[in-house]
Amino acid sequence: MGKSGEGRKIRVLVGGVFDILHVGHVHFLRQAKELGDELVVIVAHDETVRRQKRREPLNSAEERAELLSAIKYVDRVYIGTPGTIDFELVKRIDPDVIAIGPDQKFSCERLKEELKRYGINAEVIRIPYLYKKDRAKTSKIIQRIIETYCE
């Protein structure tokens with residue numbers, strides 16, 4: 001029986017780039033998994049990374065999906081479609097909860113409104129930073145690598 005106290009398991013959905021997996025990602029995924037019974041991840045398509053981050057992904061979407069699949073908190077991984085949120089994919093996943101990362105630039109209220117337009121009735125929760133916000137951030141890790149090894 002799921003955490004819901006009834007027969008249906010609570011499905012939590014998260015999305016992100018996850019280009020260099022780091023401790024901040026692990027904390028985020030663990031906290032998201034604690035919101036339900038099953039954690040599903042949509043990893044950003046390479047084209048989406050190029051558009052959002054204005055850089056090439058360091059790891060392909062397939063590689064990032066494989067790494068995420070190996071994390072014990074993650075039950076399933078999908079690769080997103082290029083562009084913004086694929087609401088048809090979200091509808092097929094049928095989440096009870098959508099967990100937003102602390103650094104994701106989403107308005108939870110605006111996302112809830114968009115979800116309703118697609119007939120998706122999921123709770124939207126922002127996961128807070130577990131530690132100081134700059135401690136584990138992909139852009140900071142890349143910057144430290146460049147400063148350490150390229151100068």
# chains A, B, ... in the order shown; residues from 1 in each chain; ligands from 1

$ select_by_dssp --residues "chain A" --states "strand (DSSP E or B)" --output "NGL selection string"
:A and (11-16 or 38-43 or 76-79 or 97-100 or 123-126)

$ residues_around --residues "Glu66 in chain A" --least-positions-apart "5" --cutoff "10 Å" --atoms "only C-alpha atoms" --output "ChimeraX atom specification"
/A:60-61,71,77-78

$ closest_atom_pairs --of "range 66-118 of chain A" --to "range 23-44 of chain A" --cutoff "12 Å" --atoms "only C-alpha atoms" --output "tab-separated table"
residue	atom	partner	partner_atom	distance
A:Glu66	CA	A:Val43	CA	10.1
A:Leu67	CA	A:Val43	CA	10.6
A:Leu68	CA	A:Val41	CA	8.0
A:Ser69	CA	A:Val41	CA	8.8
A:Ala70	CA	A:Val26	CA	11.5
A:Ile71	CA	A:Val26	CA	8.1
A:Lys72	CA	A:Arg30	CA	8.9
A:Tyr73	CA	A:Arg30	CA	6.0
A:Val74	CA	A:Leu39	CA	5.2
A:Asp75	CA	A:Leu39	CA	5.3
A:Arg76	CA	A:Val40	CA	4.8
A:Val77	CA	A:Val41	CA	4.7
A:Tyr78	CA	A:Ile42	CA	4.8
A:Ile79	CA	A:Val43	CA	4.9
A:Gly80	CA	A:Ala44	CA	5.2
A:Thr81	CA	A:Ala44	CA	7.5
A:Pro82	CA	A:Ala44	CA	7.7
A:Gly83	CA	A:Ala44	CA	8.9
A:Thr84	CA	A:Ala44	CA	9.2
A:Ile85	CA	A:Ala44	CA	9.3
A:Asp86	CA	A:Ile42	CA	9.6
A:Phe87	CA	A:Ile42	CA	11.5
A:Leu89	CA	A:Ile42	CA	9.1
A:Val90	CA	A:Ile42	CA	8.9
A:Arg92	CA	A:Val40	CA	11.7
A:Ile93	CA	A:Val40	CA	8.0
A:Asp94	CA	A:Val40	CA	10.1
A:Pro95	CA	A:Val40	CA	8.4
A:Asp96	CA	A:Gly36	CA	8.5
A:Val97	CA	A:Leu35	CA	7.7
A:Ile98	CA	A:Ala32	CA	8.6
A:Ala99	CA	A:Ala32	CA	6.1
A:Ile100	CA	A:Ala32	CA	8.7
A:Gly101	CA	A:Phe28	CA	6.8
A:Pro102	CA	A:Phe28	CA	8.5
A:Asp103	CA	A:Gly24	CA	10.5
A:Gln104	CA	A:Phe28	CA	11.6

$ residues_around --residues "Lys105 in chain A" --least-positions-apart "6" --cutoff "12 Å" --atoms "only C-alpha atoms" --output "MDAnalysis selection string"
chainID A and resid 16 52 111 126

$ residues_around --residues "Ile20 in chain A" --least-positions-apart "5" --cutoff "12 Å" --atoms "only C-alpha atoms" --output "PyMOL selection string"
chain A and resi 25-26+57-61+63-65+67-68+136-142+145

$ write_last_selection --atoms "N, CA and C atoms" --output "short mmCIF file (atom, residue, chain, number, x, y, z; two decimals), in the first residue's frame"
data_model
loop_
_atom_site.label_atom_id
_atom_site.label_comp_id
_atom_site.auth_asym_id
_atom_site.auth_seq_id
_atom_site.Cartn_x
_atom_site.Cartn_y
_atom_site.Cartn_z
N HIS A 25 21.58 17.57 -6.69
CA HIS A 25 20.60 16.76 -7.39
C HIS A 25 20.14 15.59 -6.52
N VAL A 26 21.08 14.95 -5.86
CA VAL A 26 20.73 13.81 -5.01
C VAL A 26 19.80 14.25 -3.88
N PRO A 57 25.08 20.64 -24.01
CA PRO A 57 25.08 19.78 -22.83
C PRO A 57 26.42 19.03 -22.76
N LEU A 58 26.93 18.86 -21.57
CA LEU A 58 28.18 18.12 -21.41
C LEU A 58 27.96 16.63 -21.60
N ASN A 59 26.78 16.18 -21.24
CA ASN A 59 26.40 14.77 -21.40
C ASN A 59 25.10 14.74 -22.20
N SER A 60 24.96 13.75 -23.08
CA SER A 60 23.75 13.65 -23.88
C SER A 60 22.55 13.32 -23.00
N ALA A 61 21.37 13.56 -23.52
CA ALA A 61 20.15 13.25 -22.78
C ALA A 61 20.10 11.76 -22.43
N GLU A 63 22.67 9.75 -21.90
CA GLU A 63 23.62 9.50 -20.81
C GLU A 63 23.06 10.01 -19.48
N ARG A 64 22.47 11.20 -19.51
CA ARG A 64 21.89 11.77 -18.28
C ARG A 64 20.75 10.89 -17.77
N ALA A 65 19.94 10.37 -18.71
CA ALA A 65 18.83 9.48 -18.32
C ALA A 65 19.36 8.19 -17.70
N LEU A 67 22.24 7.76 -16.11
CA LEU A 67 22.75 8.08 -14.77
C LEU A 67 21.62 8.24 -13.76
N LEU A 68 20.58 8.96 -14.15
CA LEU A 68 19.44 9.16 -13.25
C LEU A 68 18.76 7.85 -12.91
N ALA A 136 26.01 23.48 -4.41
CA ALA A 136 25.97 22.45 -5.44
C ALA A 136 25.14 22.97 -6.60
N LYS A 137 25.82 23.50 -7.58
CA LYS A 137 25.16 24.06 -8.75
C LYS A 137 26.05 23.75 -9.94
N THR A 138 25.48 23.22 -10.99
CA THR A 138 26.27 22.79 -12.14
C THR A 138 27.15 23.92 -12.68
N SER A 139 26.60 25.12 -12.82
CA SER A 139 27.40 26.22 -13.37
C SER A 139 28.59 26.54 -12.47
N LYS A 140 28.42 26.43 -11.15
CA LYS A 140 29.53 26.69 -10.21
C LYS A 140 30.58 25.58 -10.31
N ILE A 141 30.12 24.35 -10.50
CA ILE A 141 31.06 23.22 -10.64
C ILE A 141 31.89 23.40 -11.91
N ILE A 142 31.24 23.77 -13.02
CA ILE A 142 31.96 24.01 -14.27
C ILE A 142 32.98 25.13 -14.09
N ILE A 145 35.98 23.88 -12.16
CA ILE A 145 36.81 23.02 -13.00
C ILE A 145 37.68 23.88 -13.91
#
